[in-house]
>>> print(open('model06.cif').read())   # mmCIF, C-alpha atoms
data_upload
#
loop_
_atom_site.label_atom_id
_atom_site.label_comp_id
_atom_site.auth_asym_id
_atom_site.auth_seq_id
_atom_site.Cartn_x
_atom_site.Cartn_y
_atom_site.Cartn_z
CA MET F 193 -16.46 18.46 -27.76
CA LYS F 194 -16.57 19.36 -24.05
CA ILE F 195 -13.95 18.70 -21.39
CA TYR F 196 -14.66 18.22 -17.67
CA LEU F 197 -12.49 17.82 -14.58
CA VAL F 198 -13.64 14.62 -12.86
CA GLY F 199 -13.20 12.32 -9.89
CA GLY F 200 -10.70 12.80 -7.10
CA ALA F 201 -9.65 16.31 -8.10
CA VAL F 202 -13.24 17.57 -7.75
CA ARG F 203 -13.68 15.70 -4.48
CA ASP F 204 -10.46 17.05 -2.98
CA LYS F 205 -11.27 20.62 -4.03
CA LEU F 206 -14.56 20.36 -2.15
CA LEU F 207 -12.67 19.03 0.87
CA GLY F 208 -10.31 21.96 0.70
CA TRP F 209 -7.35 19.68 0.02
CA ALA F 210 -4.53 20.37 -2.40
CA VAL F 211 -5.21 18.72 -5.75
CA LYS F 212 -2.24 16.56 -6.69
CA GLU F 213 -3.55 14.93 -9.87
CA ARG F 214 -6.17 16.03 -12.36
CA ASP F 215 -8.14 13.66 -14.54
CA TRP F 216 -10.31 14.84 -17.37
CA VAL F 217 -13.23 13.40 -19.34
CA VAL F 218 -13.87 14.39 -22.93
CA VAL F 219 -17.47 14.24 -24.16
CA GLY F 220 -18.46 14.25 -27.82
CA ALA F 221 -15.08 13.37 -29.31
CA THR F 222 -13.48 10.46 -31.12
CA VAL F 223 -10.00 8.97 -31.02
CA ASN F 224 -9.14 10.74 -34.25
CA ASP F 225 -10.36 14.07 -32.85
CA MET F 226 -7.95 13.71 -29.94
CA LEU F 227 -5.04 12.66 -32.13
CA ASP F 228 -5.67 15.58 -34.49
CA LEU F 229 -5.37 17.93 -31.49
CA GLY F 230 -1.95 16.51 -30.63
CA TYR F 231 -2.95 14.25 -27.71
CA ARG F 232 -0.94 11.03 -27.34
CA GLN F 233 -2.94 7.85 -26.88
CA VAL F 234 -1.76 5.60 -24.02
CA GLY F 235 -4.82 3.57 -23.02
CA LYS F 236 -4.99 -0.03 -24.18
CA GLU F 237 -8.36 -1.20 -22.85
CA PHE F 238 -10.05 2.11 -23.57
CA PRO F 239 -8.89 5.40 -25.10
CA VAL F 240 -6.86 7.51 -22.68
CA PHE F 241 -4.70 10.36 -23.92
CA LEU F 242 -1.93 12.56 -22.57
CA HIS F 243 -2.24 16.31 -23.07
CA PRO F 244 0.51 17.52 -25.44
CA LYS F 245 1.73 20.14 -22.93
CA THR F 246 0.62 19.18 -19.38
CA ASN F 247 0.81 15.38 -19.77
CA GLU F 248 -2.41 15.12 -17.73
CA GLU F 249 -4.75 12.26 -18.60
CA TYR F 250 -7.81 12.82 -20.75
CA ALA F 251 -10.20 9.92 -21.28
CA LEU F 252 -13.08 9.70 -23.69
CA ALA F 253 -16.39 9.43 -21.87
CA ARG F 254 -17.25 5.76 -21.70
CA MET F 255 -19.85 3.20 -20.74
CA GLU F 256 -19.02 -0.31 -19.54
CA ARG F 257 -20.73 -3.62 -20.14
CA LYS F 258 -19.91 -6.69 -18.08
CA THR F 259 -18.75 -9.55 -20.30
CA GLY F 260 -16.97 -11.88 -17.87
CA PRO F 261 -15.76 -12.32 -14.29
CA GLY F 262 -13.21 -10.13 -12.59
CA TYR F 263 -11.48 -6.87 -13.32
CA LYS F 264 -10.88 -7.39 -17.05
CA GLY F 265 -14.30 -8.76 -17.96
CA PHE F 266 -15.66 -5.57 -19.58
CA ALA F 267 -16.50 -4.18 -23.00
CA PHE F 268 -16.35 -0.40 -23.45
CA ASP F 269 -18.38 2.07 -25.48
CA THR F 270 -16.48 5.31 -26.08
CA SER F 271 -18.59 6.72 -28.90
CA PRO F 272 -19.28 10.49 -29.05
CA ASN F 273 -22.86 9.73 -27.97
CA VAL F 274 -21.80 8.75 -24.43
CA SER F 275 -22.83 11.55 -22.08
CA LEU F 276 -21.02 12.91 -19.04
CA GLU F 277 -23.70 11.42 -16.76
CA ASP F 278 -23.27 8.05 -18.49
CA ASP F 279 -19.57 8.21 -17.69
CA LEU F 280 -20.08 9.29 -14.07
CA SER F 281 -22.67 6.56 -13.51
CA ARG F 282 -20.09 3.78 -13.91
CA ARG F 283 -17.73 5.17 -11.23
CA ASP F 284 -17.31 3.53 -7.85
CA LEU F 285 -18.34 6.02 -5.15
CA THR F 286 -20.65 9.00 -5.24
CA ILE F 287 -17.87 11.22 -3.90
CA ASN F 288 -15.79 10.22 -6.94
CA ALA F 289 -18.67 10.66 -9.42
CA MET F 290 -18.64 14.44 -9.62
CA ALA F 291 -17.38 16.68 -12.40
CA GLU F 292 -16.58 20.35 -12.90
CA SER F 293 -17.12 22.26 -16.12
CA ALA F 294 -14.63 24.67 -17.67
CA GLU F 295 -16.71 27.46 -16.13
CA GLY F 296 -16.35 25.97 -12.65
CA MET F 297 -19.89 24.58 -12.38
CA LEU F 298 -20.28 21.41 -10.31
CA ILE F 299 -22.03 18.51 -12.04
CA ASP F 300 -23.22 16.11 -9.36
CA PRO F 301 -25.96 13.75 -10.61
CA PHE F 302 -25.45 11.19 -7.81
CA HIS F 303 -25.30 13.58 -4.84
CA GLY F 304 -21.63 13.08 -4.10
CA LYS F 305 -21.33 16.51 -2.47
CA ALA F 306 -24.07 15.61 0.02
CA ASP F 307 -22.34 12.31 0.82
CA LEU F 308 -19.04 14.15 1.20
CA GLU F 309 -20.63 16.51 3.72
CA ALA F 310 -22.33 13.58 5.50
CA LYS F 311 -19.03 11.64 5.46
CA ILE F 312 -20.46 8.59 3.68
CA LEU F 313 -18.70 6.20 1.31
CA ARG F 314 -21.56 5.03 -0.90
CA HIS F 315 -21.61 3.16 -4.22
CA VAL F 316 -23.04 4.98 -7.23
CA SER F 317 -25.16 2.19 -8.69
CA PRO F 318 -25.62 -1.61 -8.73
CA ALA F 319 -22.94 -1.66 -11.45
CA PHE F 320 -20.45 -1.37 -8.57
CA ALA F 321 -20.86 -5.13 -8.14
CA GLU F 322 -19.39 -5.81 -11.58
CA ASP F 323 -15.80 -4.96 -10.57
CA PRO F 324 -14.29 -6.68 -7.49
CA VAL F 325 -11.40 -4.19 -7.39
CA ARG F 326 -13.93 -1.73 -6.02
CA ILE F 327 -14.06 -3.68 -2.77
CA LEU F 328 -10.36 -2.92 -2.35
CA ARG F 329 -10.85 0.70 -3.39
CA ILE F 330 -13.57 1.16 -0.78
CA GLY F 331 -11.11 -0.15 1.81
CA ARG F 332 -8.43 2.24 0.61
CA PHE F 333 -10.72 5.25 0.72
CA TYR F 334 -11.89 4.18 4.17
CA ALA F 335 -8.23 4.14 5.24
CA ARG F 336 -7.79 7.62 3.79
CA PHE F 337 -10.91 9.31 5.15
CA ALA F 338 -11.72 7.48 8.40
CA HIS F 339 -9.90 10.09 10.48
CA LEU F 340 -12.41 12.66 9.20
CA GLY F 341 -15.31 10.54 10.46
CA PHE F 342 -16.24 8.79 7.22
CA HIS F 343 -18.03 5.45 7.28
CA ILE F 344 -19.18 2.97 4.64
CA ALA F 345 -22.90 3.08 3.87
CA PRO F 346 -24.68 -0.07 5.17
CA GLU F 347 -26.18 -0.77 1.74
CA THR F 348 -22.69 -0.63 0.23
CA VAL F 349 -21.37 -3.10 2.80
CA THR F 350 -24.27 -5.41 1.90
CA LEU F 351 -23.46 -5.14 -1.79
CA MET F 352 -19.77 -5.83 -1.13
CA ARG F 353 -20.69 -8.89 0.93
CA ASP F 354 -22.93 -10.18 -1.84
CA MET F 355 -20.03 -9.79 -4.26
CA VAL F 356 -17.74 -11.78 -1.98
CA HIS F 357 -20.28 -14.56 -1.53
CA ALA F 358 -20.75 -14.68 -5.31
CA GLY F 359 -17.04 -15.44 -5.66
CA GLU F 360 -16.06 -12.15 -7.31
CA VAL F 361 -12.95 -11.63 -5.16
CA ASN F 362 -11.59 -14.93 -6.44
CA ALA F 363 -11.24 -13.28 -9.84
CA LEU F 364 -9.08 -10.42 -8.55
CA VAL F 365 -5.82 -9.93 -10.42
CA ALA F 366 -2.79 -10.22 -8.12
CA GLU F 367 -1.23 -6.96 -9.25
CA ARG F 368 -4.40 -5.01 -8.49
CA VAL F 369 -4.63 -6.47 -4.99
CA TRP F 370 -1.03 -5.49 -4.31
CA LYS F 371 -1.47 -2.00 -5.78
CA GLU F 372 -4.47 -1.25 -3.57
CA LEU F 373 -2.83 -2.84 -0.51
CA GLU F 374 0.37 -0.85 -0.91
CA ARG F 375 -1.53 2.40 -1.37
CA ALA F 376 -3.77 1.63 1.62
CA LEU F 377 -0.71 0.98 3.79
CA GLY F 378 0.41 4.52 3.03
CA GLU F 379 -2.86 6.10 4.17
CA LYS F 380 -3.53 7.74 7.53
CA ASN F 381 -5.45 4.75 8.96
CA PRO F 382 -4.27 1.65 7.05
CA GLU F 383 -6.01 -0.69 9.51
CA LYS F 384 -9.35 0.52 8.11
CA PHE F 385 -8.52 -1.17 4.81
CA PHE F 386 -8.57 -4.54 6.55
CA GLU F 387 -11.61 -3.57 8.62
CA ALA F 388 -13.52 -2.91 5.40
CA LEU F 389 -12.51 -6.32 4.07
CA GLN F 390 -13.67 -7.95 7.28
CA LEU F 391 -17.04 -6.17 7.09
CA CYS F 392 -17.78 -7.87 3.78
CA ASP F 393 -16.20 -11.27 4.60
CA ALA F 394 -13.30 -10.76 2.18
CA LEU F 395 -10.51 -10.62 4.79
CA ALA F 396 -10.30 -14.37 5.38
CA ILE F 397 -10.18 -14.97 1.62
CA LEU F 398 -7.58 -12.37 0.69
CA PHE F 399 -5.47 -12.42 3.86
CA PRO F 400 -6.10 -15.72 5.65
CA GLY F 401 -4.95 -15.79 9.25
CA LEU F 402 -5.04 -12.02 9.72
CA ASP F 403 -6.97 -11.25 12.90
CA MET F 404 -8.37 -7.74 13.38
CA GLN F 405 -7.88 -8.19 17.13
CA GLY F 406 -4.47 -9.79 16.79
CA SER F 407 -0.94 -8.57 17.36
CA GLY F 408 -0.39 -7.87 13.67
CA ILE F 409 -3.03 -5.14 13.50
CA LYS F 410 -1.82 -3.75 16.84
CA ALA F 411 1.72 -3.55 15.48
CA LEU F 412 0.41 -1.91 12.31
CA LEU F 413 -1.33 0.73 14.41
CA ALA F 414 1.90 1.36 16.30
CA ALA F 415 3.93 1.48 13.07
CA THR F 416 1.55 4.11 11.72
CA THR F 417 2.66 6.44 14.52
CA LEU F 418 6.34 5.85 13.77
CA SER F 419 6.61 5.83 9.99
CA ASP F 420 4.62 6.60 6.87
CA GLN F 421 6.53 4.00 4.85
CA PRO F 422 4.26 1.19 3.58
CA ILE F 423 7.13 -1.33 3.67
CA ILE F 424 7.65 -0.84 7.43
CA ARG F 425 3.92 -1.03 8.10
CA PHE F 426 3.71 -4.20 5.99
CA ALA F 427 6.50 -5.85 8.01
CA ALA F 428 4.91 -4.87 11.32
CA LEU F 429 1.51 -6.16 10.19
CA LEU F 430 2.84 -9.61 9.32
CA HIS F 431 5.45 -10.01 12.06
CA ASP F 432 3.54 -12.73 13.94
CA MET F 433 2.74 -14.90 10.94
CA PRO F 434 3.41 -18.57 11.82
CA ASP F 435 6.16 -20.29 9.84
CA PRO F 436 7.02 -16.93 8.24
CA LYS F 437 9.59 -18.16 5.73
CA LYS F 438 6.92 -20.34 4.14
CA ASN F 439 3.73 -18.33 4.69
CA LEU F 440 5.19 -14.90 4.00
CA SER F 441 6.80 -16.21 0.86
CA GLU F 442 3.48 -17.65 -0.30
CA LEU F 443 1.58 -14.44 0.45
CA CYS F 444 4.12 -12.26 -1.33
CA LYS F 445 4.22 -14.64 -4.28
CA ARG F 446 0.43 -14.71 -4.43
CA TYR F 447 0.21 -10.94 -4.78
CA ARG F 448 3.57 -10.46 -6.53
CA ALA F 449 4.87 -8.16 -3.82
CA PRO F 450 8.27 -6.61 -4.54
CA THR F 451 11.23 -8.62 -3.28
CA PHE F 452 12.34 -5.91 -0.83
CA TYR F 453 8.93 -6.05 0.88
CA ARG F 454 9.20 -9.81 1.29
CA GLU F 455 12.79 -9.63 2.54
CA LEU F 456 12.13 -7.05 5.25
CA ALA F 457 8.89 -8.68 6.40
CA THR F 458 10.60 -12.06 6.66
CA LEU F 459 13.55 -10.67 8.63
CA VAL F 460 11.20 -8.91 11.05
CA ALA F 461 9.06 -12.02 11.49
CA VAL F 462 12.04 -14.30 12.09
CA HIS F 463 14.29 -12.02 14.16
CA HIS F 464 12.12 -9.50 16.02
CA GLU F 465 12.21 -11.49 19.27
CA GLU F 466 16.02 -11.45 19.31
CA ALA F 467 16.02 -7.72 18.58
CA LEU F 468 13.56 -6.95 21.37
CA ASP F 469 15.71 -9.01 23.74
CA CYS F 470 18.97 -7.52 22.47
CA ARG F 471 20.26 -6.37 25.86
CA ARG F 472 20.35 -9.99 27.02
CA LEU F 473 22.29 -11.29 24.02
CA ASN F 474 26.02 -11.97 24.27
CA ALA F 475 28.47 -10.72 21.67
CA GLU F 476 28.37 -13.94 19.63
CA ALA F 477 24.55 -13.89 19.46
CA LEU F 478 24.53 -10.23 18.48
CA LEU F 479 27.03 -10.86 15.73
CA LYS F 480 24.96 -13.78 14.46
CA LEU F 481 21.89 -11.52 14.39
CA PHE F 482 23.76 -8.83 12.51
CA GLY F 483 24.94 -11.38 9.99
CA ALA F 484 21.40 -12.64 9.41
CA LEU F 485 20.25 -9.05 8.91
CA ASP F 486 23.23 -8.32 6.63
CA ILE F 487 23.76 -4.97 8.32
CA TYR F 488 27.14 -4.56 6.64
CA ARG F 489 25.66 -4.21 3.16
CA ARG F 490 22.03 -3.27 3.87
CA GLU F 491 22.22 -0.43 6.37
CA ALA F 492 19.02 1.28 5.19
CA ARG F 493 17.10 -1.98 5.50
CA PHE F 494 18.46 -2.40 9.02
CA HIS F 495 17.01 0.99 9.96
CA ASP F 496 13.62 -0.15 8.62
CA PHE F 497 13.97 -3.37 10.61
CA LEU F 498 14.60 -1.38 13.80
CA THR F 499 11.52 0.79 13.22
CA ALA F 500 9.32 -2.25 12.61
CA CYS F 501 10.65 -3.82 15.83
CA GLU F 502 9.98 -0.56 17.65
CA ALA F 503 6.37 -0.77 16.49
CA ILE F 504 6.05 -4.34 17.75
CA ALA F 505 7.47 -3.33 21.13
CA LYS F 506 5.11 -0.38 21.32
CA ALA F 507 2.14 -2.61 20.53
CA ARG F 508 3.21 -5.03 23.28
CA HIS F 509 3.97 -2.23 25.75
CA VAL F 510 7.49 -3.56 26.29
CA THR F 511 10.84 -1.79 26.27
CA PHE F 512 13.02 -1.98 23.19
CA ASP F 513 16.43 -0.33 23.35
CA LYS F 514 16.55 0.61 19.69
CA GLU F 515 19.39 3.08 20.10
CA TRP F 516 21.58 0.57 21.93
CA LEU F 517 21.08 -2.05 19.22
CA HIS F 518 21.97 0.59 16.68
CA GLN F 519 25.16 1.34 18.64
CA ALA F 520 26.03 -2.35 18.75
CA ALA F 521 25.57 -2.58 15.00
CA HIS F 522 27.78 0.46 14.51
CA ALA F 523 30.46 -1.18 16.63
CA ALA F 524 30.29 -4.34 14.54
CA ARG F 525 30.59 -2.31 11.35
CA SER F 526 33.53 -0.24 12.64
CA VAL F 527 36.27 -2.49 11.33
CA ASP F 528 39.04 -1.00 9.18
CA VAL F 529 39.01 -3.64 6.44
CA GLN F 530 41.53 -1.73 4.32
CA ALA F 531 44.03 -1.78 7.18
CA LEU F 532 43.68 -5.56 7.40
CA ILE F 533 44.18 -5.91 3.66
CA ALA F 534 47.28 -3.72 3.94
CA LYS F 535 48.67 -6.30 6.35
CA GLY F 536 48.54 -8.82 3.52
CA LEU F 537 45.48 -10.70 4.69
CA GLU F 538 43.22 -12.17 2.02
CA GLY F 539 40.63 -14.88 1.44
CA GLN F 540 39.50 -16.85 4.46
CA LEU F 541 42.20 -15.36 6.66
CA LEU F 542 40.86 -11.89 5.94
CA ALA F 543 37.26 -12.99 6.57
CA ASP F 544 38.23 -14.58 9.88
CA GLU F 545 40.10 -11.47 11.03
CA ILE F 546 37.19 -9.21 10.09
CA GLN F 547 34.83 -11.41 12.11
CA LYS F 548 37.26 -11.46 15.04
CA SER F 549 37.53 -7.66 14.99
CA ARG F 550 33.76 -7.28 14.87
CA LEU F 551 33.41 -9.62 17.84
CA ASN F 552 36.01 -7.69 19.83
CA ASN F 553 34.28 -4.39 19.08
CA VAL F 554 30.91 -5.70 20.27
CA LYS F 555 32.49 -7.25 23.38
CA LEU F 556 34.06 -3.90 24.20
CA LEU F 557 30.67 -2.23 23.97
CA LEU F 558 29.12 -4.86 26.23
CA SER F 559 31.88 -4.38 28.79
CA GLN F 560 31.01 -0.69 29.05
CA ASP F 561 27.42 -1.35 30.15
#
>>> encode(input="model06.cif", output="structure tokens")
Amino acid sequence: MKIYLVGGAVRDKLLGWAVKERDWVVVGATVNDMLDLGYRQVGKEFPVFLHPKTNEEYALARMERKTGPGYKGFAFDTSPNVSLEDDLSRRDLTINAMAESAEGMLIDPFHGKADLEAKILRHVSPAFAEDPVRILRIGRFYARFAHLGFHIAPETVTLMRDMVHAGEVNALVAERVWKELERALGEKNPEKFFEALQLCDALAILFPGLDMQGSGIKALLAATTLSDQPIIRFAALLHDMPDPKKNLSELCKRYRAPTFYRELATLVAVHHEEALDCRRLNAEALLKLFGALDIYRREARFHDFLTACEAIAKARHVTFDKEWLHQAAHAARSVDVQALIAKGLEGQLLADEIQKSRLNNVKLLLSQD
């Protein structure tokens, strides 16, 4: 039995980056061998184990055989006869198909180190075409490494395009699309994820209506300079979607996006114009906006809303008085509800008095301009 460090940890060490996660491949072992050593099995589709002390993942070396369409259409061979090179050969990119022995020796049968130095994202073998998730992974790695000068190899783009035209992306599982999208939105250049999809004709299928030259991508670029939060970048990206309550809901449902992503994106799409024009709104309109945004219970979400609107303004090269709108919201929130209750107010009378006090506070702020 031999154990090798594989994949991203080897790649990041060569880049001089801090290694955050380590994955290991075990060659020449069986499931029972691993269990006898105290490893805990967690893999369902193929044997993956957690180390009894470090909790790092150890997978038996495996080969894959395509049995059907999509991400789950595979049969696995994890017998002790599967070699390290067999295992590396089924990985997505050459830069992810390297291993390191216990002695620190690099095992690089597909020239990943050379591609890393040449800044090329290149598929390992034609088997890449068997898993459509790899199209999304290429996009995510492009988003991560583009700032270093990486590009996708032309032959890999051609293979990705052939996969799209063969209908492989139609078999993508919703959860996998969302997982790769969310991770890509957190990378240094998230727009490159969508650029990669456009290169292989997958963008119009996976994200219909998204224009690489449109205001959504421009707002995403601006949001990237303001926040590293994927949820804010997501909202900025989709802010100009037509009929947002319907289309955003359908997109989020299609990919099973978390509810809080859908809620923020919808609020930004529906209300960003009012926010950008906040200095022209009267007190009643401001209070209506604050009610729609539910700033009284969702203060953190309101801050995310403001940042997304700031990104939209930056993309449009227009002025957005974010701090003033924040002040107006603070004024609306600065009502001593307990004092009103102490006066004996309750029910609708209490609600009306709270609203009246909020309106007076905002009017007072407006009068000071």
>>> residues_around(input="model06.cif", residues="region 468-475 of chain F", least_positions_apart="2", cutoff="10 Å", atoms="all atoms listed in the file", output="NGL selection string")
:F and (463-466 or 477-481 or 498 or 501-502 or 504-505 or 510-514 or 516-517 or 520 or 524 or 550-558 or 561)
>>> resolve_selection(input="model06.cif", expression="the PyMOL selection byres ((chain F and resi 231-236) around 12)", output="list of chain:residue names")
F:Val218, F:Thr222, F:Val223, F:Asn224, F:Asp225, F:Met226, F:Leu227, F:Asp228, F:Leu229, F:Gly230, F:Glu237, F:Phe238, F:Pro239, F:Val240, F:Phe241, F:Leu242, F:His243, F:Pro244, F:Lys245, F:Thr246, F:Asn247, F:Glu248, F:Glu249, F:Tyr250, F:Ala251, F:Leu252, F:Lys264, F:Phe268
>>> residues_around(input="model06.cif", residues="region 409-423 of chain F", least_positions_apart="3", cutoff="8 Å", atoms="all atoms listed in the file", output="ChimeraX atom specification")
/F:374-375,377-383,403-406,426-429,453,456,499-500,502-504,506-507
>>> closest_residue(input="model06.cif", among="F:Ser559, F:Tyr488, F:Phe385, F:Val527", to="Glu545 (chain F)", atoms="all atoms listed in the file")
F:Val527
>>> resolve_selection(input="model06.cif", expression="the PyMOL selection byres ((chain F and resi 302-305) around 9)", output="PyMOL selection string")
chain F and resi 203+206+280-281+285-290+300-301+306-310+314+316
>>> atom_distance(input="model06.cif", atom1="CA of Ala291 (chain F)", atom2="CA of Leu276 (chain F)")
8.5 Å
>>> atom_distance(input="model06.cif", atom1="CA of Lys205 (chain F)", atom2="CA of Asp279 (chain F)")
20.2 Å
>>> resolve_selection(input="model06.cif", expression="the PyMOL selection byres ((chain F and resi 371) around 12)", output="PyMOL selection string")
chain F and resi 325+328-329+332+364-370+372-378+422+447-450
>>> atom_distance(input="model06.cif", atom1="CA of Leu197 (chain F)", atom2="CA of Ala294 (chain F)")
7.8 Å
>>> closest_residue(input="model06.cif", among="F:Gly200, F:Pro346, F:Gly483, F:Pro436", to="Lys212 (chain F)", atoms="all atoms listed in the file")
F:Gly200
>>> residues_around(input="model06.cif", residues="Ile397 (chain F)", least_positions_apart="3", cutoff="9 Å", atoms="only C-alpha atoms", output="number ranges by chain")
F: 356, 361-362, 393-394, 400
>>> closest_residue(input="model06.cif", among="F:Val349, F:Glu476, F:Phe399, F:Glu213", to="Glu442 (chain F)", atoms="only C-alpha atoms")
F:Phe399
>>> closest_residue(input="model06.cif", among="F:Val529, F:Ala221, F:Ala338, F:Ile344", to="Thr270 (chain F)", atoms="only C-alpha atoms")
F:Ala221
>>> closest_residue(input="model06.cif", among="F:Leu395, F:Val217, F:Ile195, F:Ala345", to="Glu295 (chain F)", atoms="all atoms listed in the file")
F:Ile195
>>> residues_around(input="model06.cif", residues="Leu391 (chain F)", least_positions_apart="5", cutoff="9 Å", atoms="all atoms listed in the file", output="list in words")
Val349, Thr350, Met352, Arg353 and Phe386 of chain F
>>> closest_residue(input="model06.cif", among="F:Lys445, F:Lys548, F:Glu515, F:Ala521", to="Phe482 (chain F)", atoms="all atoms listed in the file")
F:Ala521
>>> axis_aligned_box(input="model06.cif", around="region 464-473 of chain F", padding_each_side="4 Å", output="JSON")
{"center_x": 17.2, "center_y": -8.9, "center_z": 21.5, "size_x": 18.2, "size_y": 13.1, "size_z": 19.0}
